[in-house]
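S.K.: File query04.txt follows (compact mmCIF, C-alpha atoms):
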```txt
# COMPACT_ATOMS: atom_id res chain seq x y z
CA MET A 1 64.76 36.97 -44.80
CA SER A 2 62.07 38.39 -42.60
CA VAL A 3 62.02 38.11 -38.86
CA ALA A 4 58.94 40.17 -38.27
CA ALA A 5 56.67 39.38 -35.37
CA PRO A 6 53.48 41.39 -35.52
CA ALA A 7 52.32 42.99 -32.33
CA THR A 8 48.80 41.77 -32.92
CA SER A 9 49.59 38.10 -33.40
CA ALA A 10 52.17 37.58 -30.68
CA PRO A 11 49.80 37.68 -27.69
CA GLN A 12 47.30 35.45 -29.45
CA ALA A 13 50.00 32.95 -30.22
CA SER A 14 51.21 32.93 -26.66
CA THR A 15 47.97 32.16 -24.85
CA ASP A 16 49.26 28.75 -23.75
CA SER A 17 52.95 29.46 -24.18
CA PRO A 18 55.42 29.69 -21.29
CA LYS A 19 56.21 33.00 -19.66
CA ALA A 20 59.31 34.49 -21.27
CA THR A 21 62.38 33.89 -19.11
CA ILE A 22 65.36 36.23 -19.32
CA VAL A 23 67.98 34.10 -17.54
CA PRO A 24 67.32 30.38 -16.83
CA VAL A 25 68.32 30.31 -13.18
CA ALA A 26 68.53 26.51 -13.14
CA GLY A 27 71.51 26.73 -15.50
CA LEU A 28 73.56 29.04 -13.28
CA PRO A 29 75.07 26.26 -11.10
CA ILE A 30 76.33 24.53 -14.27
CA VAL A 31 77.88 27.80 -15.48
CA ALA A 32 79.52 28.28 -12.06
CA LEU A 33 80.86 24.73 -12.14
CA VAL A 34 82.37 25.19 -15.60
CA LEU A 35 84.00 28.51 -14.69
CA ILE A 36 85.41 27.09 -11.44
CA GLY A 37 86.80 24.18 -13.48
CA VAL A 38 88.57 26.61 -15.82
CA VAL A 39 90.05 28.59 -12.91
CA VAL A 40 91.29 25.38 -11.25
CA ALA A 41 92.84 24.18 -14.52
CA ILE A 42 94.66 27.53 -14.90
CA ALA A 43 95.76 27.70 -11.25
CA ARG A 44 97.15 24.15 -11.34
CA ASP A 45 98.62 24.56 -14.82
CA ALA A 46 96.85 21.29 -15.54
CA ARG A 47 97.66 20.46 -19.15
CA TRP A 48 94.79 18.01 -19.66
CA GLY A 49 92.27 20.35 -18.03
CA LEU A 50 93.35 23.26 -20.21
CA VAL A 51 93.29 21.17 -23.38
CA PHE A 52 89.86 19.79 -22.41
CA CYS A 53 88.44 23.27 -21.75
CA HIS A 54 89.92 24.71 -24.94
CA VAL A 55 89.01 21.87 -27.29
CA VAL A 56 85.53 21.21 -25.89
CA GLY A 57 84.73 24.92 -25.51
CA GLY A 58 86.15 25.83 -28.91
CA GLY A 59 84.40 22.94 -30.65
CA LEU A 60 81.07 23.90 -29.11
CA TRP A 61 81.55 27.62 -29.83
CA THR A 62 82.39 27.10 -33.49
CA ALA A 63 79.77 24.42 -34.05
CA ILE A 64 76.99 26.36 -32.33
CA ASP A 65 77.85 29.58 -34.18
CA LEU A 66 77.90 27.88 -37.58
CA PHE A 67 74.86 25.70 -36.86
CA VAL A 68 72.75 28.56 -35.53
CA GLY A 69 73.91 30.98 -38.23
CA PHE A 70 73.52 28.75 -41.25
CA VAL A 71 71.05 26.00 -40.25
CA VAL A 72 68.78 27.15 -37.43
CA GLY A 73 68.65 30.82 -38.59
CA PRO A 74 67.21 30.12 -42.05
CA ILE A 75 64.77 27.60 -40.53
CA ILE A 76 63.52 30.24 -38.07
CA GLY A 77 63.22 32.65 -40.98
CA SER A 78 60.86 30.25 -42.77
CA MET A 79 58.66 29.63 -39.70
CA SER A 80 55.33 31.34 -39.04
CA ILE A 81 55.45 34.44 -36.84
CA PRO A 82 53.88 32.79 -33.75
CA ALA A 83 56.26 29.84 -34.15
CA ARG A 84 59.24 32.20 -34.25
CA VAL A 85 58.08 33.88 -31.05
CA GLU A 86 57.59 30.49 -29.37
CA PHE A 87 61.00 29.29 -30.50
CA SER A 88 62.76 32.49 -29.43
CA LYS A 89 61.19 32.38 -25.95
CA ARG A 90 62.67 28.93 -25.37
CA PHE A 91 65.91 29.25 -27.33
CA MET A 92 67.33 32.67 -26.49
CA PRO A 93 67.48 32.38 -22.69
CA LYS A 94 69.56 29.22 -23.06
CA MET A 95 71.91 30.92 -25.53
CA LEU A 96 72.34 33.77 -23.04
CA LEU A 97 73.97 31.33 -20.63
CA ILE A 98 75.66 28.91 -23.03
CA MET A 99 77.57 31.28 -25.30
CA PRO A 100 79.38 33.52 -22.76
CA THR A 101 80.32 30.41 -20.75
CA VAL A 102 81.67 28.52 -23.75
CA VAL A 103 83.55 31.58 -25.01
CA THR A 104 85.15 32.31 -21.61
CA MET A 105 86.12 28.65 -21.22
CA THR A 106 87.74 28.54 -24.67
CA LEU A 107 89.64 31.81 -24.47
CA ALA A 108 90.92 31.51 -20.90
CA ALA A 109 92.20 27.97 -21.46
CA GLY A 110 93.52 28.79 -24.94
CA PHE A 111 95.59 31.71 -23.72
CA GLN A 112 97.23 29.53 -21.06
CA LEU A 113 97.99 26.81 -23.61
CA ALA A 114 99.56 29.39 -25.91
CA ARG A 115 101.73 30.55 -23.01
CA GLN A 116 102.69 26.98 -22.02
CA ASP A 117 103.60 26.11 -25.61
CA GLY A 118 105.63 29.30 -26.03
CA PHE A 119 103.45 30.59 -28.89
CA LEU A 120 103.27 34.02 -27.21
CA ASP A 121 107.00 34.49 -27.80
CA PRO A 122 107.36 36.85 -30.80
CA SER A 123 110.41 34.89 -32.03
CA VAL A 124 108.40 31.67 -32.49
CA SER A 125 107.32 30.97 -36.07
CA GLN A 126 103.66 30.38 -35.09
CA HIS A 127 103.44 33.69 -33.21
CA GLY A 128 101.81 35.38 -36.21
CA TRP A 129 99.01 32.80 -36.21
CA ILE A 130 98.40 33.40 -32.49
CA VAL A 131 98.18 37.16 -33.00
CA ALA A 132 95.83 36.53 -35.95
CA SER A 133 93.63 34.42 -33.68
CA PHE A 134 93.59 37.27 -31.14
CA GLY A 135 92.39 39.56 -33.93
CA VAL A 136 89.64 37.15 -34.97
CA VAL A 137 88.49 36.84 -31.36
CA GLY A 138 88.57 40.64 -31.05
CA VAL A 139 86.25 41.06 -34.06
CA MET A 140 83.87 38.40 -32.72
CA ALA A 141 83.94 39.95 -29.24
CA VAL A 142 82.98 43.39 -30.54
CA ILE A 143 80.13 41.96 -32.63
CA ALA A 144 78.88 39.70 -29.83
CA LEU A 145 79.17 42.12 -26.92
CA ALA A 146 78.17 45.37 -28.61
CA TYR A 147 75.41 44.09 -30.89
CA LEU A 148 74.33 40.46 -30.49
CA GLU A 149 74.06 40.04 -26.74
CA PRO A 150 72.32 43.38 -26.09
CA ALA A 151 69.85 42.55 -28.87
CA ASN A 152 69.31 39.07 -27.44
CA VAL A 153 68.46 40.46 -23.99
CA ALA A 154 66.28 43.22 -25.46
CA VAL A 155 64.27 40.69 -27.51
CA LEU A 156 63.65 38.64 -24.36
CA PHE A 157 62.38 41.73 -22.52
CA GLU A 158 60.14 42.55 -25.48
CA LEU A 159 58.75 39.02 -25.59
CA ALA A 160 58.02 39.22 -21.86
CA LYS A 161 55.62 42.15 -22.45
CA PRO A 162 51.88 41.43 -22.58
CA GLU A 163 51.83 42.88 -26.11
CA PRO A 164 55.26 42.60 -27.75
CA ASP A 165 55.99 45.17 -30.44
CA GLY A 166 56.62 43.29 -33.67
CA ARG A 167 58.70 46.13 -35.14
CA VAL A 168 61.06 46.11 -32.16
CA ILE A 169 61.54 42.35 -32.44
CA GLU A 170 62.02 42.61 -36.20
CA LYS A 171 64.65 45.32 -35.84
CA LEU A 172 66.57 43.49 -33.12
CA MET A 173 66.41 40.11 -34.85
CA LYS A 174 67.85 41.65 -38.01
CA ARG A 175 71.09 42.17 -36.11
CA PHE A 176 71.45 38.40 -35.83
CA ILE A 177 71.01 37.97 -39.57
CA TYR A 178 73.37 40.80 -40.54
CA THR A 179 76.12 39.57 -38.22
CA ALA A 180 75.70 35.82 -38.84
CA GLY A 181 77.77 36.03 -42.02
CA ILE A 182 80.63 37.89 -40.30
CA THR A 183 80.64 35.52 -37.34
CA GLY A 184 80.53 32.49 -39.65
CA LEU A 185 83.48 33.85 -41.64
CA MET A 186 85.42 34.47 -38.42
CA GLN A 187 84.72 30.92 -37.23
CA VAL A 188 86.00 29.45 -40.51
CA THR A 189 89.10 31.65 -40.13
CA THR A 190 89.52 30.33 -36.57
CA LEU A 191 89.39 26.74 -37.87
CA ILE A 192 92.11 27.54 -40.42
CA ILE A 193 94.32 29.26 -37.83
CA MET A 194 93.94 26.53 -35.19
CA THR A 195 94.63 23.69 -37.62
CA ARG A 196 97.69 25.56 -38.92
CA LEU A 197 98.93 26.05 -35.35
CA VAL A 198 98.74 22.39 -34.37
CA SER A 199 100.22 21.32 -37.71
CA GLY A 200 103.44 23.16 -36.84
CA MET B 201 58.74 41.09 -45.25
CA SER B 202 55.48 40.70 -43.44
CA THR B 203 53.33 43.79 -43.65
CA ALA B 204 51.51 42.61 -40.56
CA ALA B 205 54.54 43.67 -38.55
CA HIS B 206 53.65 47.28 -39.19
CA ASP B 207 49.93 46.98 -38.46
CA VAL B 208 49.66 48.80 -35.17
CA PRO B 209 46.26 48.63 -33.51
CA ALA B 210 44.45 51.96 -33.27
CA HIS B 211 44.50 51.88 -29.46
CA ALA B 212 48.22 51.02 -29.24
CA ALA B 213 50.91 53.56 -28.32
CA PRO B 214 53.36 54.45 -31.13
CA SER B 215 56.26 52.04 -31.57
CA LEU B 216 59.48 52.87 -29.76
CA VAL B 217 61.45 51.82 -32.85
CA ASP B 218 61.06 55.30 -34.35
CA ARG B 219 62.46 57.09 -31.29
CA ARG B 220 65.72 58.88 -32.10
CA LEU B 221 68.43 58.45 -29.47
CA PRO B 222 72.17 59.22 -29.41
CA PRO B 223 74.50 56.60 -30.97
CA ILE B 224 75.36 54.97 -27.62
CA THR B 225 75.78 51.50 -29.15
CA GLU B 226 78.07 52.71 -31.93
CA ILE B 227 80.25 54.73 -29.54
CA GLY B 228 80.38 51.76 -27.14
CA ALA B 229 81.40 49.47 -30.03
CA LEU B 230 84.21 51.88 -30.98
CA SER B 231 85.38 51.90 -27.36
CA MET B 232 85.38 48.11 -27.38
CA ILE B 233 87.45 48.06 -30.58
CA ALA B 234 90.02 50.29 -28.85
CA ILE B 235 90.03 48.02 -25.78
CA ALA B 236 90.33 44.85 -27.87
CA GLY B 237 93.15 46.45 -29.87
CA GLY B 238 95.02 47.39 -26.70
CA VAL B 239 94.62 43.99 -25.06
CA ILE B 240 95.66 42.17 -28.26
CA TYR B 241 98.69 44.46 -28.61
CA LEU B 242 99.84 43.81 -25.03
CA ALA B 243 98.95 40.10 -25.05
CA ALA B 244 100.88 39.56 -28.29
CA TYR B 245 104.07 40.40 -26.39
CA LEU B 246 103.48 38.38 -23.21
CA PRO B 247 105.43 37.31 -21.20
CA ARG B 248 107.72 40.08 -22.48
CA HIS B 249 106.84 43.75 -22.01
CA ALA B 250 105.40 45.63 -24.94
CA PRO B 251 106.16 49.35 -25.46
CA LEU B 252 103.28 50.85 -23.51
CA TRP B 253 102.66 54.14 -25.34
CA PHE B 254 100.44 52.63 -28.03
CA ALA B 255 98.34 50.73 -25.48
CA ILE B 256 97.98 53.89 -23.39
CA VAL B 257 96.76 55.85 -26.44
CA LEU B 258 94.14 53.16 -27.12
CA LEU B 259 93.20 53.15 -23.45
CA GLY B 260 92.71 56.94 -23.56
CA VAL B 261 90.55 56.68 -26.69
CA ALA B 262 88.42 53.93 -25.10
CA ALA B 263 88.00 55.93 -21.88
CA ALA B 264 87.12 59.14 -23.76
CA LEU B 265 84.46 57.31 -25.77
CA GLN B 266 82.94 55.85 -22.62
CA VAL B 267 82.89 59.26 -20.92
CA THR B 268 81.13 60.59 -24.04
CA ASN B 269 78.55 57.82 -23.66
CA VAL B 270 77.98 58.68 -20.00
CA ILE B 271 77.45 62.36 -20.91
CA LEU B 272 75.05 61.45 -23.72
CA LEU B 273 73.15 59.09 -21.43
CA SER B 274 72.91 61.67 -18.64
CA ARG B 275 71.19 64.08 -21.05
CA LEU B 276 68.44 61.63 -21.94
CA SER B 277 64.99 62.48 -20.76
CA ASP B 278 61.94 60.22 -20.99
CA PHE B 279 64.14 57.15 -20.69
CA ALA B 280 63.41 53.90 -18.79
CA TRP B 281 66.16 54.41 -16.22
CA GLY B 282 64.71 51.79 -13.86
CA ARG B 283 65.02 49.09 -16.51
CA PHE B 284 68.43 50.39 -17.60
CA PHE B 285 69.90 50.07 -14.09
CA GLN B 286 68.15 46.75 -13.44
CA VAL B 287 69.70 45.16 -16.54
CA ALA B 288 73.06 46.93 -16.25
CA ARG B 289 73.46 45.84 -12.60
CA TRP B 290 73.11 42.14 -13.40
CA ALA B 291 75.23 42.43 -16.53
CA LEU B 292 77.90 44.17 -14.45
CA LEU B 293 77.92 41.24 -12.03
CA ALA B 294 78.34 38.76 -14.92
CA TYR B 295 81.09 40.75 -16.62
CA ALA B 296 82.87 41.42 -13.32
CA ILE B 297 83.22 37.65 -12.98
CA ILE B 298 84.54 37.31 -16.55
CA ALA B 299 86.92 40.26 -16.13
CA GLY B 300 88.05 38.80 -12.81
CA MET B 301 88.94 35.53 -14.52
CA ILE B 302 90.94 37.34 -17.21
CA GLU B 303 92.72 39.43 -14.56
CA PHE B 304 93.51 36.26 -12.62
CA ALA B 305 95.07 34.76 -15.75
CA PHE B 306 97.25 37.84 -16.33
CA VAL B 307 98.46 37.90 -12.71
CA PHE B 308 99.00 34.14 -12.80
CA ASP B 309 101.15 34.65 -15.92
CA HIS B 310 103.38 37.07 -13.95
CA THR B 311 102.20 40.25 -15.63
CA ARG B 312 103.43 43.02 -13.37
CA GLY B 313 104.02 46.77 -13.05
CA ALA B 314 102.78 49.33 -15.56
CA GLN B 315 101.74 46.62 -17.99
CA LEU B 316 99.39 45.11 -15.40
CA VAL B 317 98.00 48.56 -14.57
CA VAL B 318 97.17 49.23 -18.24
CA MET B 319 95.69 45.73 -18.68
CA THR B 320 93.59 46.09 -15.53
CA THR B 321 92.31 49.53 -16.54
CA MET B 322 91.34 48.14 -19.95
CA LEU B 323 89.53 45.25 -18.30
CA ALA B 324 87.71 47.70 -16.03
CA LEU B 325 86.58 49.71 -19.07
CA PHE B 326 85.44 46.50 -20.76
CA MET B 327 83.57 45.48 -17.61
CA LEU B 328 81.75 48.84 -17.46
CA ASN B 329 81.10 49.17 -21.20
CA VAL B 330 79.17 45.96 -21.83
CA PRO B 331 76.52 46.53 -19.11
CA VAL B 332 75.91 50.05 -20.46
CA LEU B 333 75.36 48.67 -23.96
CA ILE B 334 73.04 45.88 -22.79
CA GLY B 335 71.12 48.19 -20.43
CA PHE B 336 70.74 50.88 -23.10
CA THR B 337 69.58 48.44 -25.81
CA VAL B 338 66.94 47.02 -23.47
CA ALA B 339 65.79 50.34 -21.98
CA ARG B 340 65.47 52.18 -25.29
CA TYR B 341 62.54 49.91 -26.17
CA GLN B 342 60.84 50.27 -22.78
CA ARG B 343 58.43 53.03 -21.88
CA ALA B 344 59.61 55.38 -19.15
CA GLY B 345 57.75 55.60 -15.88
```
For the file at hand, write its structure as structure tokens.
M.R.:
Amino acid sequence: MSVAAPATSAPQASTDSPKATIVPVAGLPIVALVLIGVVVAIARDARWGLVFCHVVGGGLWTAIDLFVGFVVGPIIGSMSIPARVEFSKRFMPKMLLIMPTVVTMTLAAGFQLARQDGFLDPSVSQHGWIVASFGVVGVMAVIALAYLEPANVAVLFELAKPEPDGRVIEKLMKRFIYTAGITGLMQVTTLIIMTRLVSG
Amino acid sequence: MSTAAHDVPAHAAPSLVDRRLPPITEIGALSMIAIAGGVIYLAAYLPRHAPLWFAIVLLGVAAALQVTNVILLSRLSDFAWGRFFQVARWALLAYAIIAGMIEFAFVFDHTRGAQLVVMTTMLALFMLNVPVLIGFTVARYQRAG
């Protein structure tokens, strides 16, 4: 699948397109609100709040990862180059806020639930599943933080240039494609682990 | 693959894709693997105390890799340092908040003593590593000056 965006066509395609935004500032209050909610739920040991944060965050994280990796990704791959640039300019800044927020919400609440339920105790039968879930999260964290997020930000900076370099965008976008399969596999593994955990 | 992607106009400067730079991203990823391994190892034992030697070894490996990255970065010439620091500064703010939340959770869960020190140092390395990786990935495709 190609994700090339030629340097010559990008500026022409963007004559009436919006200026590339790196971080959508309007979304920051929502992020702050969500993170404060998670901290309050942890500080008060609020069972419902923790379950809400973990289930909603986890559901969104898994669904977005799978949907973007296996549905939106191939669609973007089949779009024309100017359309891909247009889509990326609007889509990527939002992902830059949504994904770290959803991930933080899920993991922080999930860890507290594991502690409350005693799953962190090595003598509990489900402890192995919890450690496995830590491992899965570790793999996803390395991929996301070392490769995906830096590439996401770099693409946005490239798109913000008057004449974006198509080869730079192509190279960076390839990271998404190469890692989509790994992330998808990890998400399916997460679903298996979590359903095993709650099944006892 | 579109061949148009490689059609560079005659007046355009050469693409920055071909520039060879040290493997900062790969070294940073290895450091993150060591950090993730250490945190998982310690967290798998909570609220009990894990034997610390293994976590300390991983912490040392992660720190050594990050020092290597700093040395490699400091030797770079013709690099967009302005953009690097601009991006890294904001990323540091974001990851300081995330690391702060994780630290809060550990303290809230009564993690204390040497275990907390190792956890906190690992979080600090994590907090410093990600901004370097984001800043480097952005700046390597920017023209210096």
S.K.: Provide the CA of Val142 in chain A to CA of Ile298 in chain B distance in Å, to one decimal place.
M.R.: 15.3 Å
S.K.: Would you pick out the contacts of Leu120 in chain A at 8 Å or less, using all atoms listed in the file, so that residues sharing its chain but fewer than 3 positions from it are not included, and give the list as a list in words?
M.R.: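 So the residues in contact are Ala114, Arg115, Val124, His127 and Ile130 of chain A; Ala243, Ala244, Tyr245, Leu246 and Pro247 of chain B.
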S.K.: Name all residues at most 12 Å from Thr268 in chain B (count all atoms listed in the file; drop same-chain ones fewer than 4 positions away) and give them as an mmCIF file with C-alpha atoms, in the coordinates of the input.
M.R.:
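File produced: part39.cif:
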```cif
data_model
loop_
_atom_site.group_PDB
_atom_site.id
_atom_site.type_symbol
_atom_site.label_atom_id
_atom_site.label_comp_id
_atom_site.auth_asym_id
_atom_site.auth_seq_id
_atom_site.Cartn_x
_atom_site.Cartn_y
_atom_site.Cartn_z
ATOM 1 C CA PRO B 222 72.170 59.220 -29.410
ATOM 2 C CA PRO B 223 74.500 56.600 -30.970
ATOM 3 C CA ILE B 224 75.360 54.970 -27.620
ATOM 4 C CA THR B 225 75.780 51.500 -29.150
ATOM 5 C CA GLU B 226 78.070 52.710 -31.930
ATOM 6 C CA ILE B 227 80.250 54.730 -29.540
ATOM 7 C CA GLY B 228 80.380 51.760 -27.140
ATOM 8 C CA LEU B 230 84.210 51.880 -30.980
ATOM 9 C CA SER B 231 85.380 51.900 -27.360
ATOM 10 C CA VAL B 261 90.550 56.680 -26.690
ATOM 11 C CA ALA B 262 88.420 53.930 -25.100
ATOM 12 C CA ALA B 263 88.000 55.930 -21.880
ATOM 13 C CA ALA B 264 87.120 59.140 -23.760
ATOM 14 C CA LEU B 272 75.050 61.450 -23.720
ATOM 15 C CA LEU B 273 73.150 59.090 -21.430
ATOM 16 C CA SER B 274 72.910 61.670 -18.640
ATOM 17 C CA ARG B 275 71.190 64.080 -21.050
ATOM 18 C CA ASN B 329 81.100 49.170 -21.200
#
```
S.K.: Would you compute the distance between CA of Gln112 in chain A and CA of Leu97 in chain A? Give it in Å to one decimal.
M.R.: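 Rounded to one decimal, the two atoms are 23.3 Å apart.
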S.K.: Ranking B:Leu252, B:Ile240, B:Val270, B:Met301 by minimum distance to Gly135 in chain A and counting all atoms listed in the file, which one comes first?
M.R.: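 Using all atoms listed in the file, the shortest distance to Gly135 in chain A belongs to B:Ile240.
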S.K.: I'd like the interatomic distance between CA of Val239 in chain B and CA of Leu258 in chain B, to a tenth of an Å.
M.R.: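 Separation of CA of Val239 in chain B and CA of Leu258 in chain B: 9.4 Å.
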S.K.: Please build the interface table for chain A against chain B with a cut-off of 8 Å, listing for each qualifying residue the nearest atom pair and the distance in Å to one decimal; count all atoms listed in the file, order rows by chain and increasing number, and write it as CSV.
M.R.:
```
residue,atom,partner,partner_atom,distance
A:Met1,CA,B:Met201,CA,7.3
A:Ser2,CA,B:Met201,CA,5.0
A:Val3,CA,B:Met201,CA,7.8
A:Ala4,CA,B:Ala205,CA,5.6
A:Ala5,CA,B:Ala205,CA,5.7
A:Pro6,CA,B:Ala205,CA,3.9
A:Ala7,CA,B:Ala205,CA,6.6
A:Thr8,CA,B:Pro209,CA,7.3
A:Val39,CA,B:Met301,CA,7.2
A:Ile42,CA,B:Ala305,CA,7.3
A:Ala43,CA,B:Phe308,CA,7.4
A:Thr104,CA,B:Ile298,CA,7.1
A:Ala108,CA,B:Ile302,CA,6.9
A:Gln112,CA,B:Ala305,CA,7.8
A:Arg115,CA,B:Pro247,CA,7.9
A:Leu120,CA,B:Leu246,CA,5.9
A:Asp121,CA,B:Tyr245,CA,6.7
A:Pro122,CA,B:Tyr245,CA,6.5
A:Ile130,CA,B:Ala244,CA,7.9
A:Val131,CA,B:Ala244,CA,5.9
A:Phe134,CA,B:Ile240,CA,6.0
A:Gly135,CA,B:Ile240,CA,7.0
A:Gly138,CA,B:Ala236,CA,5.6
A:Val139,CA,B:Ile233,CA,7.9
A:Val142,CA,B:Met232,CA,6.2
A:Leu145,CA,B:Val330,CA,6.4
A:Ala146,CA,B:Ala229,CA,5.4
A:Tyr147,CA,B:Thr225,CA,7.6
A:Glu149,CA,B:Ile334,CA,7.1
A:Pro150,CA,B:Ile334,CA,4.2
A:Ala151,CA,B:Thr337,CA,6.6
A:Val153,CA,B:Val338,CA,6.8
A:Ala154,CA,B:Val338,CA,4.3
A:Val155,CA,B:Val338,CA,8.0
A:Phe157,CA,B:Val338,CA,7.0
A:Glu158,CA,B:Tyr341,CA,7.8
A:Asp165,CA,B:Ser215,CA,7.0
A:Gly166,CA,B:Ala205,CA,5.3
A:Arg167,CA,B:Ala205,CA,5.9
A:Val168,CA,B:Val217,CA,5.8
A:Glu170,CA,B:Ala205,CA,7.9
A:Lys171,CA,B:Val217,CA,7.8
```
S.K.: Save the residues we just selected, C-alpha atoms, as an mmCIF file, in the frame of the given file?
M.R.:
```
data_model
loop_
_atom_site.group_PDB
_atom_site.id
_atom_site.type_symbol
_atom_site.label_atom_id
_atom_site.label_comp_id
_atom_site.auth_asym_id
_atom_site.auth_seq_id
_atom_site.Cartn_x
_atom_site.Cartn_y
_atom_site.Cartn_z
ATOM 1 C CA MET A 1 64.760 36.970 -44.800
ATOM 2 C CA SER A 2 62.070 38.390 -42.600
ATOM 3 C CA VAL A 3 62.020 38.110 -38.860
ATOM 4 C CA ALA A 4 58.940 40.170 -38.270
ATOM 5 C CA ALA A 5 56.670 39.380 -35.370
ATOM 6 C CA PRO A 6 53.480 41.390 -35.520
ATOM 7 C CA ALA A 7 52.320 42.990 -32.330
ATOM 8 C CA THR A 8 48.800 41.770 -32.920
ATOM 9 C CA VAL A 39 90.050 28.590 -12.910
ATOM 10 C CA ILE A 42 94.660 27.530 -14.900
ATOM 11 C CA ALA A 43 95.760 27.700 -11.250
ATOM 12 C CA THR A 104 85.150 32.310 -21.610
ATOM 13 C CA ALA A 108 90.920 31.510 -20.900
ATOM 14 C CA GLN A 112 97.230 29.530 -21.060
ATOM 15 C CA ARG A 115 101.730 30.550 -23.010
ATOM 16 C CA LEU A 120 103.270 34.020 -27.210
ATOM 17 C CA ASP A 121 107.000 34.490 -27.800
ATOM 18 C CA PRO A 122 107.360 36.850 -30.800
ATOM 19 C CA ILE A 130 98.400 33.400 -32.490
ATOM 20 C CA VAL A 131 98.180 37.160 -33.000
ATOM 21 C CA PHE A 134 93.590 37.270 -31.140
ATOM 22 C CA GLY A 135 92.390 39.560 -33.930
ATOM 23 C CA GLY A 138 88.570 40.640 -31.050
ATOM 24 C CA VAL A 139 86.250 41.060 -34.060
ATOM 25 C CA VAL A 142 82.980 43.390 -30.540
ATOM 26 C CA LEU A 145 79.170 42.120 -26.920
ATOM 27 C CA ALA A 146 78.170 45.370 -28.610
ATOM 28 C CA TYR A 147 75.410 44.090 -30.890
ATOM 29 C CA GLU A 149 74.060 40.040 -26.740
ATOM 30 C CA PRO A 150 72.320 43.380 -26.090
ATOM 31 C CA ALA A 151 69.850 42.550 -28.870
ATOM 32 C CA VAL A 153 68.460 40.460 -23.990
ATOM 33 C CA ALA A 154 66.280 43.220 -25.460
ATOM 34 C CA VAL A 155 64.270 40.690 -27.510
ATOM 35 C CA PHE A 157 62.380 41.730 -22.520
ATOM 36 C CA GLU A 158 60.140 42.550 -25.480
ATOM 37 C CA ASP A 165 55.990 45.170 -30.440
ATOM 38 C CA GLY A 166 56.620 43.290 -33.670
ATOM 39 C CA ARG A 167 58.700 46.130 -35.140
ATOM 40 C CA VAL A 168 61.060 46.110 -32.160
ATOM 41 C CA GLU A 170 62.020 42.610 -36.200
ATOM 42 C CA LYS A 171 64.650 45.320 -35.840
#
```
S.K.: With a distance cut-off of 7 Å and all atoms listed in the file, select the neighbouring residues of Cys53 in chain A, excluding the residue or stretch itself and same-chain residues fewer than 6 positions from it, and output the selection as a list in words.
M.R.: Val38, Met105, Thr106 and Ala109 of chain A
S.K.: Taking C-alpha atoms for each residue, export the selection above as a tab-separated table (two decimals), in the frame of the given file.
M.R.:
```
chain	number	residue	atom	x	y	z
A	38	VAL	CA	88.57	26.61	-15.82
A	105	MET	CA	86.12	28.65	-21.22
A	106	THR	CA	87.74	28.54	-24.67
A	109	ALA	CA	92.20	27.97	-21.46
```
